[in-house]
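Visitor: Provided herewith: query16.pdb, PDB, C-alpha atoms and all ligand atoms.
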ATOM      1  CA  MET R  91      99.649 138.587  90.748
ATOM      2  CA  LEU R  92      99.452 135.316  88.860
ATOM      3  CA  LYS R  93     103.013 134.404  89.878
ATOM      4  CA  GLY R  94     101.982 134.914  93.500
ATOM      5  CA  LEU R  95      98.934 132.672  93.032
ATOM      6  CA  LEU R  96     101.035 129.975  91.366
ATOM      7  CA  ASP R  97     103.607 130.111  94.194
ATOM      8  CA  LEU R  98     100.828 129.814  96.767
ATOM      9  CA  HIS R  99      99.322 126.886  94.841
ATOM     10  CA  ASN R 100     102.794 125.295  94.691
ATOM     11  CA  LEU R 101     103.375 125.789  98.447
ATOM     12  CA  LEU R 102      99.952 124.337  99.307
ATOM     13  CA  ARG R 103     100.953 121.147  97.484
ATOM     14  CA  TRP R 104     103.498 120.408 100.235
ATOM     15  CA  LEU R 105     101.044 121.212 103.016
ATOM     16  CA  ILE R 106      98.458 118.897 101.440
ATOM     17  CA  LEU R 107     100.959 116.066 100.912
ATOM     18  CA  ILE R 108     102.231 116.324 104.506
ATOM     19  CA  LEU R 109      98.723 116.590 105.979
ATOM     20  CA  LEU R 110      97.535 113.619 103.892
ATOM     21  CA  LEU R 111     100.437 111.502 105.161
ATOM     22  CA  VAL R 112      99.914 112.567 108.782
ATOM     23  CA  ASN R 113      96.146 111.909 108.565
ATOM     24  CA  ILE R 114      96.624 108.472 106.970
ATOM     25  CA  ILE R 115      99.291 107.396 109.485
ATOM     26  CA  LYS R 116      97.370 108.744 112.498
ATOM     27  CA  ASN R 117      94.107 107.042 111.462
ATOM     28  CA  TYR R 118      95.785 103.694 110.790
ATOM     29  CA  ALA R 119      97.897 103.889 113.969
ATOM     30  CA  ASP R 120      94.814 104.677 116.094
ATOM     31  CA  LEU R 121      92.453 102.119 114.533
ATOM     32  CA  LYS R 122      91.617 100.628 117.926
ATOM     33  CA  LYS R 123      91.436 103.971 119.730
ATOM     34  CA  PRO R 124      88.492 106.417 119.847
ATOM     35  CA  PHE R 125      88.059 108.809 116.922
ATOM     36  CA  ALA R 126      89.118 111.863 118.907
ATOM     37  CA  LYS R 127      89.263 115.643 118.553
ATOM     38  CA  ALA R 128      92.839 115.392 117.255
ATOM     39  CA  HIS R 129      91.703 113.252 114.291
ATOM     40  CA  LYS R 130      88.914 115.709 113.499
ATOM     41  CA  LYS R 131      91.298 118.676 113.673
ATOM     42  CA  LEU R 132      93.866 117.046 111.384
ATOM     43  CA  GLY R 133      91.090 116.316 108.884
ATOM     44  CA  LEU R 134      89.852 119.891 109.080
ATOM     45  CA  TRP R 135      93.323 121.367 108.404
ATOM     46  CA  LEU R 136      93.701 119.048 105.420
ATOM     47  CA  MET R 137      90.308 120.062 104.091
ATOM     48  CA  ILE R 138      90.978 123.789 104.528
ATOM     49  CA  CYS R 139      94.295 123.476 102.632
ATOM     50  CA  ALA R 140      92.584 121.440  99.889
ATOM     51  CA  HIS R 141      89.779 123.994  99.510
ATOM     52  CA  ILE R 142      92.165 126.953  99.377
ATOM     53  CA  THR R 143      94.208 125.076  96.726
ATOM     54  CA  LEU R 144      91.001 124.525  94.768
ATOM     55  CA  LEU R 145      90.072 128.207  94.960
ATOM     56  CA  VAL R 146      93.572 129.340  93.926
ATOM     57  CA  GLY R 147      93.690 126.685  91.169
ATOM     58  CA  LEU R 148      90.358 127.881  89.768
ATOM     59  CA  GLY R 149      91.725 131.444  89.812
ATOM     60  CA  ILE R 150      94.884 130.516  87.880
ATOM     61  CA  LEU R 151      92.791 128.465  85.461
ATOM     62  CA  ALA R 152      90.367 131.323  84.773
ATOM     63  CA  VAL R 153      93.120 133.908  84.224
ATOM     64  CA  ASP R 154      95.235 131.631  81.999
ATOM     65  CA  LEU R 155      92.221 130.446  80.032
ATOM     66  CA  SER R 156      91.062 133.974  79.268
ATOM     67  CA  ALA R 157      94.590 134.840  78.077
ATOM     68  CA  LEU R 158      94.711 131.872  75.696
ATOM     69  CA  ALA R 159      93.932 133.051  72.174
ATOM     70  CA  ASP R 160      93.191 129.703  70.501
ATOM     71  CA  LYS R 161      91.058 127.642  72.877
ATOM     72  CA  SER R 162      90.131 125.131  70.199
ATOM     73  CA  GLY R 163      93.652 123.686  70.380
ATOM     74  CA  ILE R 164      93.480 122.646  74.042
ATOM     75  CA  MET R 165      92.375 119.047  73.560
ATOM     76  CA  SER R 166      94.853 118.268  70.784
ATOM     77  CA  ASN R 167      97.869 119.716  72.639
ATOM     78  CA  GLU R 168      99.192 117.411  75.349
ATOM     79  CA  ALA R 169     100.588 120.151  77.624
ATOM     80  CA  LEU R 170      97.502 122.348  77.344
ATOM     81  CA  ARG R 171      95.154 119.403  77.899
ATOM     82  CA  PHE R 172      97.060 118.460  81.053
ATOM     83  CA  LYS R 173      97.004 122.015  82.377
ATOM     84  CA  PHE R 174      93.403 122.933  81.568
ATOM     85  CA  VAL R 175      91.633 119.572  81.747
ATOM     86  CA  GLU R 176      93.451 116.573  83.242
ATOM     87  CA  HIS R 177      95.146 118.264  86.227
ATOM     88  CA  PRO R 178      92.046 120.239  87.326
ATOM     89  CA  VAL R 179      89.592 117.332  86.845
ATOM     90  CA  ALA R 180      91.772 114.787  88.690
ATOM     91  CA  MET R 181      92.547 117.245  91.509
ATOM     92  CA  ILE R 182      88.892 118.189  91.948
ATOM     93  CA  ILE R 183      88.097 114.452  92.299
ATOM     94  CA  ALA R 184      90.902 114.178  94.908
ATOM     95  CA  ILE R 185      89.554 117.203  96.797
ATOM     96  CA  VAL R 186      86.048 115.692  96.772
ATOM     97  CA  LEU R 187      87.542 112.492  98.259
ATOM     98  CA  ILE R 188      89.304 114.570 100.937
ATOM     99  CA  THR R 189      86.048 116.398 101.709
ATOM    100  CA  ILE R 190      84.122 113.109 102.006
ATOM    101  CA  GLY R 191      86.964 111.656 104.113
ATOM    102  CA  LYS R 192      86.798 114.598 106.481
ATOM    103  CA  GLY R 193      82.994 114.235 106.681
ATOM    104  CA  VAL R 194      83.331 110.617 107.860
ATOM    105  CA  ALA R 195      83.853 111.970 111.406
ATOM    106  CA  LYS R 196      80.225 113.152 111.499
ATOM    107  CA  LYS R 197      78.769 109.797 110.432
ATOM    108  CA  ASP R 198      76.875 107.512 112.787
ATOM    109  CA  ILE R 199      79.324 104.600 112.492
ATOM    110  CA  SER R 200      81.852 102.957 114.810
ATOM    111  CA  ASP R 201      85.167 104.712 115.496
ATOM    112  CA  LEU R 202      87.027 101.836 113.861
ATOM    113  CA  LYS R 203      85.038 102.391 110.653
ATOM    114  CA  LYS R 204      85.641 106.155 110.829
ATOM    115  CA  HIS R 205      89.427 105.608 111.014
ATOM    116  CA  ARG R 206      89.333 103.048 108.192
ATOM    117  CA  LYS R 207      87.078 105.007 105.841
ATOM    118  CA  ALA R 208      88.903 108.296 106.347
ATOM    119  CA  ALA R 209      92.333 106.691 105.881
ATOM    120  CA  THR R 210      91.224 104.834 102.734
ATOM    121  CA  LEU R 211      89.702 107.924 101.109
ATOM    122  CA  PHE R 212      92.795 109.991 101.983
ATOM    123  CA  LEU R 213      95.066 107.274 100.576
ATOM    124  CA  ILE R 214      93.230 107.225  97.233
ATOM    125  CA  ALA R 215      93.384 111.043  97.150
ATOM    126  CA  LEU R 216      97.127 110.942  97.919
ATOM    127  CA  ILE R 217      97.822 108.520  95.064
ATOM    128  CA  LEU R 218      95.744 110.590  92.616
ATOM    129  CA  ILE R 219      97.473 113.811  93.688
ATOM    130  CA  LEU R 220     100.966 112.270  93.443
ATOM    131  CA  ILE R 221     100.179 111.097  89.896
ATOM    132  CA  MET R 222      98.681 114.411  88.744
ATOM    133  CA  ILE R 223     101.156 116.935  90.182
ATOM    134  CA  PRO R 224     103.168 118.443  87.294
ATOM    135  CA  TRP R 225     106.481 117.286  88.857
ATOM    136  CA  SER R 226     108.597 117.846  85.723
ATOM    137  CA  THR R 227     107.413 121.385  84.934
ATOM    138  CA  SER R 228     107.043 122.873  88.395
ATOM    139  CA  SER R 229     109.671 124.067  90.852
ATOM    140  CA  LEU R 230     109.938 121.998  94.030
ATOM    141  CA  VAL R 231     110.516 125.187  95.995
ATOM    142  CA  PRO R 232     107.695 127.724  95.666
ATOM    143  CA  GLY R 233     108.919 131.023  94.201
ATOM    144  CA  MET R 234     112.113 129.618  92.657
TER     145      MET R 234
HETATM  146  C1  LIG J   1      86.051 127.119  95.015
HETATM  147  C2  LIG J   1      86.058 127.207  96.302
HETATM  148  C3  LIG J   1      85.389 126.248  97.264
HETATM  149  C4  LIG J   1      84.427 125.286  97.067
HETATM  150  C5  LIG J   1      83.754 124.863  95.770
HETATM  151  C6  LIG J   1      84.137 124.687  98.365
HETATM  152  C7  LIG J   1      83.203 123.679  98.599
HETATM  153  C8  LIG J   1      82.817 123.219  99.832
HETATM  154  C9  LIG J   1      81.784 122.231 100.104
HETATM  155  C10 LIG J   1      80.946 121.523  99.039
HETATM  156  C11 LIG J   1      81.717 122.045 101.451
HETATM  157  C12 LIG J   1      80.732 121.145 102.212
HETATM  158  C13 LIG J   1      81.396 119.847 102.553
HETATM  159  C14 LIG J   1      80.548 119.016 103.495
HETATM  160  O1  LIG J   1      79.488 118.563 103.095
HETATM  161  O2  LIG J   1      80.974 118.814 104.635
HETATM  162  C15 LIG J   1      82.705 122.917 102.054
HETATM  163  C16 LIG J   1      82.959 123.019 103.410
HETATM  164  C17 LIG J   1      84.012 123.709 103.955
HETATM  165  N1  LIG J   1      84.944 124.470 103.290
HETATM  166 FE1  LIG J   1      84.972 124.820 101.323
HETATM  167  N2  LIG J   1      84.937 125.290  99.319
HETATM  168  C18 LIG J   1      85.713 126.257  98.694
HETATM  169  C19 LIG J   1      86.633 127.070  99.281
HETATM  170  C20 LIG J   1      87.010 127.032 100.603
HETATM  171  C21 LIG J   1      88.040 127.850 101.209
HETATM  172  C22 LIG J   1      88.832 128.918 100.469
HETATM  173  C23 LIG J   1      88.124 127.469 102.524
HETATM  174  C24 LIG J   1      89.030 127.951 103.644
HETATM  175  C25 LIG J   1      89.659 129.047 103.688
HETATM  176  C26 LIG J   1      87.142 126.427 102.756
HETATM  177  C27 LIG J   1      86.908 125.800 103.948
HETATM  178  C28 LIG J   1      85.843 124.964 104.208
HETATM  179  C29 LIG J   1      85.477 124.499 105.530
HETATM  180  C30 LIG J   1      86.224 124.839 106.825
HETATM  181  C31 LIG J   1      84.327 123.711 105.372
HETATM  182  C32 LIG J   1      83.521 123.007 106.474
HETATM  183  C33 LIG J   1      84.212 121.803 106.973
HETATM  184  C34 LIG J   1      83.386 121.092 108.027
HETATM  185  O3  LIG J   1      82.565 120.248 107.651
HETATM  186  O4  LIG J   1      83.575 121.360 109.197
HETATM  187  N3  LIG J   1      86.488 126.185 101.559
HETATM  188  N4  LIG J   1      83.374 123.612 101.056
HETATM  189  C1  LIG J   2      95.344 118.788  95.666
HETATM  190  C2  LIG J   2      95.173 119.647  94.742
HETATM  191  C3  LIG J   2      96.235 120.234  93.850
HETATM  192  C4  LIG J   2      97.589 120.136  93.902
HETATM  193  C5  LIG J   2      98.443 119.363  94.903
HETATM  194  C6  LIG J   2      98.105 120.915  92.793
HETATM  195  C7  LIG J   2      99.441 121.077  92.488
HETATM  196  C8  LIG J   2      99.943 121.887  91.495
HETATM  197  C9  LIG J   2     101.336 122.179  91.273
HETATM  198  C10 LIG J   2     102.482 121.649  92.115
HETATM  199  C11 LIG J   2     101.413 123.027  90.212
HETATM  200  C12 LIG J   2     102.681 123.653  89.622
HETATM  201  C13 LIG J   2     102.893 124.997  90.258
HETATM  202  C14 LIG J   2     104.120 125.726  89.723
HETATM  203  O1  LIG J   2     104.435 125.601  88.524
HETATM  204  O2  LIG J   2     104.778 126.435  90.507
HETATM  205  C15 LIG J   2     100.073 123.260  89.743
HETATM  206  C16 LIG J   2      99.742 124.060  88.674
HETATM  207  C17 LIG J   2      98.461 124.356  88.291
HETATM  208  N1  LIG J   2      97.292 123.918  88.881
HETATM  209 FE1  LIG J   2      97.165 122.684  90.482
HETATM  210  N2  LIG J   2      97.053 121.455  92.092
HETATM  211  C18 LIG J   2      95.895 121.060  92.714
HETATM  212  C19 LIG J   2      94.598 121.382  92.348
HETATM  213  C20 LIG J   2      94.253 122.180  91.269
HETATM  214  C21 LIG J   2      92.907 122.515  90.892
HETATM  215  C22 LIG J   2      91.664 122.009  91.607
HETATM  216  C23 LIG J   2      92.998 123.331  89.795
HETATM  217  C24 LIG J   2      91.936 123.966  88.973
HETATM  218  C25 LIG J   2      90.680 123.923  89.166
HETATM  219  C26 LIG J   2      94.394 123.516  89.492
HETATM  220  C27 LIG J   2      94.890 124.265  88.453
HETATM  221  C28 LIG J   2      96.227 124.445  88.187
HETATM  222  C29 LIG J   2      96.714 125.264  87.095
HETATM  223  C30 LIG J   2      95.874 126.006  86.069
HETATM  224  C31 LIG J   2      98.118 125.212  87.171
HETATM  225  C32 LIG J   2      99.110 125.940  86.253
HETATM  226  C33 LIG J   2      99.758 124.974  85.327
HETATM  227  C34 LIG J   2     100.817 125.623  84.468
HETATM  228  O3  LIG J   2     100.971 126.843  84.485
HETATM  229  O4  LIG J   2     101.471 124.877  83.731
HETATM  230  N3  LIG J   2      95.130 122.799  90.407
HETATM  231  N4  LIG J   2      99.197 122.558  90.543
END
Will you turn the file into structure tokens for me?
Ligand code: HEM
Ligand code: HEM

Guide:
Amino acid sequence: MLKGLLDLHNLLRWLILILLLVNIIKNYADLKKPFAKAHKKLGLWLMICAHITLLVGLGILAVDLSALADKSGIMSNEALRFKFVEHPVAMIIAIVLITIGKGVAKKDISDLKKHRKAATLFLIALILILIMIPWSTSSLVPGM
């Protein structure tokens, strides 16, 4: 059960990274064009993937935390602190940025500003996510 959740969480990483890149490129490339349905849809898919990742991440966190006998050692152990504190906190911030970036479409501002704001928020989220993915301890291929 938990292995399945972790594999799903791992797979969603790639979807999020690809969707972030596509959103950023599309918004920057279309700066001078109207903020169209296609931009909204791309933002929505990104947001849905981010929210599912959040839900799955919270699930893994809850299960692993309840199985941990000595919780007082989390902050003093580098690996445990990354897993239970740093990774979740940084990723939740990134997901909030993605959610705000997706919400830009509904704002009463010019289309140029919508493209710029969304792309900037997604870019910050992308950098944060790239930094906080546990590259060295996770498999690049989900399930392997
Ligand atoms: C821990 C779980 C989750 C939390 C805390 C959460 C939180 C939120 C919040 C705060 C918003 C409002 C954003 C706004 O102001 O526009 C929102 C919207 C939304 N969430 Fe989630 N969410 C979660 C899980 C999910 C899941 C599992 C999905 C998809 C399967 C999902 C899909 C969406 C969609 C489609 C919207 C509306 C987007 C729009 O504005 O059109 N969320 N969520
Ligand atoms: C954009 C958001 C996120 C991305 C891209 C991401 C990515 C990843 C990746 C690639 C792994 C390794 C998976 C594996 O070993 O197969 C992982 C593990 C994990 N993630 Fe996330 N994550 C995100 C958000 C979150 C959130 C919001 C939480 C919790 C609230 C969370 C909790 C965890 C936990 C507990 C693990 C297990 C770590 C371990 O067993 O060492 N993640 N994450």

Visitor: Work out how far atom C8 of ligand LIG 2 (chain J) is from CA of Ser229 (chain R), in Å to one decimal.

Guide: 10.0 Å

Visitor: Hey, which bits of chain R sit within 8 Å of ligand LIG 2 (chain J), and for each residue what's the closest pair of atoms and how far apart in Å (one decimal), counting only C-alpha atoms and all ligand atoms, rows by chain and increasing number, as JSON lines?

Guide:
{"residue": "R:Leu96", "atom": "CA", "partner": "J:LIG2", "partner_atom": "O2", "distance": 5.2}
{"residue": "R:Asp97", "atom": "CA", "partner": "J:LIG2", "partner_atom": "O2", "distance": 5.3}
{"residue": "R:His99", "atom": "CA", "partner": "J:LIG2", "partner_atom": "C8", "distance": 6.0}
{"residue": "R:Asn100", "atom": "CA", "partner": "J:LIG2", "partner_atom": "C13", "distance": 4.4}
{"residue": "R:Leu101", "atom": "CA", "partner": "J:LIG2", "partner_atom": "C10", "distance": 7.6}
{"residue": "R:Leu102", "atom": "CA", "partner": "J:LIG2", "partner_atom": "C5", "distance": 6.8}
{"residue": "R:Arg103", "atom": "CA", "partner": "J:LIG2", "partner_atom": "C5", "distance": 4.0}
{"residue": "R:Trp104", "atom": "CA", "partner": "J:LIG2", "partner_atom": "C5", "distance": 7.4}
{"residue": "R:Ile106", "atom": "CA", "partner": "J:LIG2", "partner_atom": "C5", "distance": 6.6}
{"residue": "R:Leu107", "atom": "CA", "partner": "J:LIG2", "partner_atom": "C5", "distance": 7.3}
{"residue": "R:Ala140", "atom": "CA", "partner": "J:LIG2", "partner_atom": "C1", "distance": 5.7}
{"residue": "R:Thr143", "atom": "CA", "partner": "J:LIG2", "partner_atom": "C19", "distance": 5.7}
{"residue": "R:Leu144", "atom": "CA", "partner": "J:LIG2", "partner_atom": "C22", "distance": 4.1}
{"residue": "R:Leu145", "atom": "CA", "partner": "J:LIG2", "partner_atom": "C22", "distance": 7.2}
{"residue": "R:Val146", "atom": "CA", "partner": "J:LIG2", "partner_atom": "C23", "distance": 7.3}
{"residue": "R:Gly147", "atom": "CA", "partner": "J:LIG2", "partner_atom": "C26", "distance": 3.7}
{"residue": "R:Leu148", "atom": "CA", "partner": "J:LIG2", "partner_atom": "C25", "distance": 4.0}
{"residue": "R:Gly149", "atom": "CA", "partner": "J:LIG2", "partner_atom": "C24", "distance": 7.5}
{"residue": "R:Ile150", "atom": "CA", "partner": "J:LIG2", "partner_atom": "C30", "distance": 5.0}
{"residue": "R:Leu151", "atom": "CA", "partner": "J:LIG2", "partner_atom": "C30", "distance": 4.0}
{"residue": "R:Ala152", "atom": "CA", "partner": "J:LIG2", "partner_atom": "C30", "distance": 7.8}
{"residue": "R:Asp154", "atom": "CA", "partner": "J:LIG2", "partner_atom": "C30", "distance": 7.0}
{"residue": "R:Ala169", "atom": "CA", "partner": "J:LIG2", "partner_atom": "O4", "distance": 7.8}
{"residue": "R:Leu170", "atom": "CA", "partner": "J:LIG2", "partner_atom": "O4", "distance": 7.9}
{"residue": "R:Lys173", "atom": "CA", "partner": "J:LIG2", "partner_atom": "C33", "distance": 5.0}
{"residue": "R:Phe174", "atom": "CA", "partner": "J:LIG2", "partner_atom": "C30", "distance": 6.0}
{"residue": "R:His177", "atom": "CA", "partner": "J:LIG2", "partner_atom": "N3", "distance": 6.2}
{"residue": "R:Pro178", "atom": "CA", "partner": "J:LIG2", "partner_atom": "C23", "distance": 4.1}
{"residue": "R:Val179", "atom": "CA", "partner": "J:LIG2", "partner_atom": "C22", "distance": 7.0}
{"residue": "R:Ala180", "atom": "CA", "partner": "J:LIG2", "partner_atom": "C22", "distance": 7.8}
{"residue": "R:Met181", "atom": "CA", "partner": "J:LIG2", "partner_atom": "C19", "distance": 4.7}
{"residue": "R:Ile182", "atom": "CA", "partner": "J:LIG2", "partner_atom": "C22", "distance": 4.7}
{"residue": "R:Ala184", "atom": "CA", "partner": "J:LIG2", "partner_atom": "C1", "distance": 6.4}
{"residue": "R:Ile185", "atom": "CA", "partner": "J:LIG2", "partner_atom": "C1", "distance": 6.1}
{"residue": "R:Ile219", "atom": "CA", "partner": "J:LIG2", "partner_atom": "C1", "distance": 5.8}
{"residue": "R:Leu220", "atom": "CA", "partner": "J:LIG2", "partner_atom": "C5", "distance": 7.7}
{"residue": "R:Met222", "atom": "CA", "partner": "J:LIG2", "partner_atom": "C6", "distance": 7.7}
{"residue": "R:Ile223", "atom": "CA", "partner": "J:LIG2", "partner_atom": "C7", "distance": 5.0}
{"residue": "R:Pro224", "atom": "CA", "partner": "J:LIG2", "partner_atom": "C11", "distance": 5.7}
{"residue": "R:Trp225", "atom": "CA", "partner": "J:LIG2", "partner_atom": "C10", "distance": 6.8}
{"residue": "R:Thr227", "atom": "CA", "partner": "J:LIG2", "partner_atom": "O1", "distance": 6.3}
{"residue": "R:Ser228", "atom": "CA", "partner": "J:LIG2", "partner_atom": "O1", "distance": 3.8}
{"residue": "R:Ser229", "atom": "CA", "partner": "J:LIG2", "partner_atom": "O2", "distance": 5.4}
{"residue": "R:Leu230", "atom": "CA", "partner": "J:LIG2", "partner_atom": "O2", "distance": 7.7}
{"residue": "R:Pro232", "atom": "CA", "partner": "J:LIG2", "partner_atom": "O2", "distance": 6.1}
{"residue": "R:Gly233", "atom": "CA", "partner": "J:LIG2", "partner_atom": "O2", "distance": 7.2}

Visitor: Within 6 Å of ligand LIG 1 (chain J), which residues show up when you count only C-alpha atoms and all ligand atoms? List them as a list of chain:residue names, please.

Guide: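 Result of the 6 Å neighbour search around ligand LIG 1 (chain J): R:Ile138, R:His141, R:Ile142, R:Leu144, R:Leu145, R:Thr189, R:Gly193.
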
Visitor: With only C-alpha atoms as the basis for distance, which of R:Met234, R:Ala208, R:Val186, R:Ala215 is at the shortest distance from His129 (chain R)?

Guide: R:Ala208

Visitor: Go through R:Lys130, R:Leu213, R:Lys122, R:Val175 one by one, measure the shortest atom-to-atom distance of each to Leu187 (chain R) using only C-alpha atoms, and give the residue with the smallest value.

Guide: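 When distances to Leu187 (chain R) are compared using only C-alpha atoms, the smallest one comes from R:Leu213.
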
Visitor: Can you work out the spacing between CA of Lys123 (chain R) and CA of Val194 (chain R) in Å, to one decimal?

Guide: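 Straight-line distance from CA of Lys123 (chain R) to CA of Val194 (chain R) works out to 15.8 Å.
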
Visitor: Quick one, how far is CA of Leu111 (chain R) from CA of Trp135 (chain R)?

Guide: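 Atom-to-atom, CA of Leu111 (chain R) to CA of Trp135 (chain R), that is 12.6 Å.
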
Visitor: I'd like to know which of R:Ala195, R:Leu136, R:Ile108, R:Ile164 is closest to Pro124 (chain R), using all atoms listed in the file.

Guide: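 Looking only at the distances to Pro124 (chain R), the closest residue turns out to be R:Ala195.
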
Visitor: Quick one: of R:Leu218, R:Asn117, R:Ile190, R:Leu92, who's nearest to Glu176 (chain R), counting all atoms listed in the file?

Guide: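 Closest to Glu176 (chain R), using all atoms listed in the file: R:Leu218.
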
Visitor: Nearest to Ala119 (chain R): which of R:Thr210, R:Ile183, R:Asn167, R:His205 is it, counting all atoms listed in the file?

Guide: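 With all atoms listed in the file as the atom set, the closest residue is R:His205.
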
Visitor: Between R:Ile221, R:Leu158, R:Val231, R:Leu216, single out the one closest to Leu110 (chain R), counting only C-alpha atoms.

Guide: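 The shortest atom-to-atom distance to Leu110 (chain R) comes from R:Leu216.
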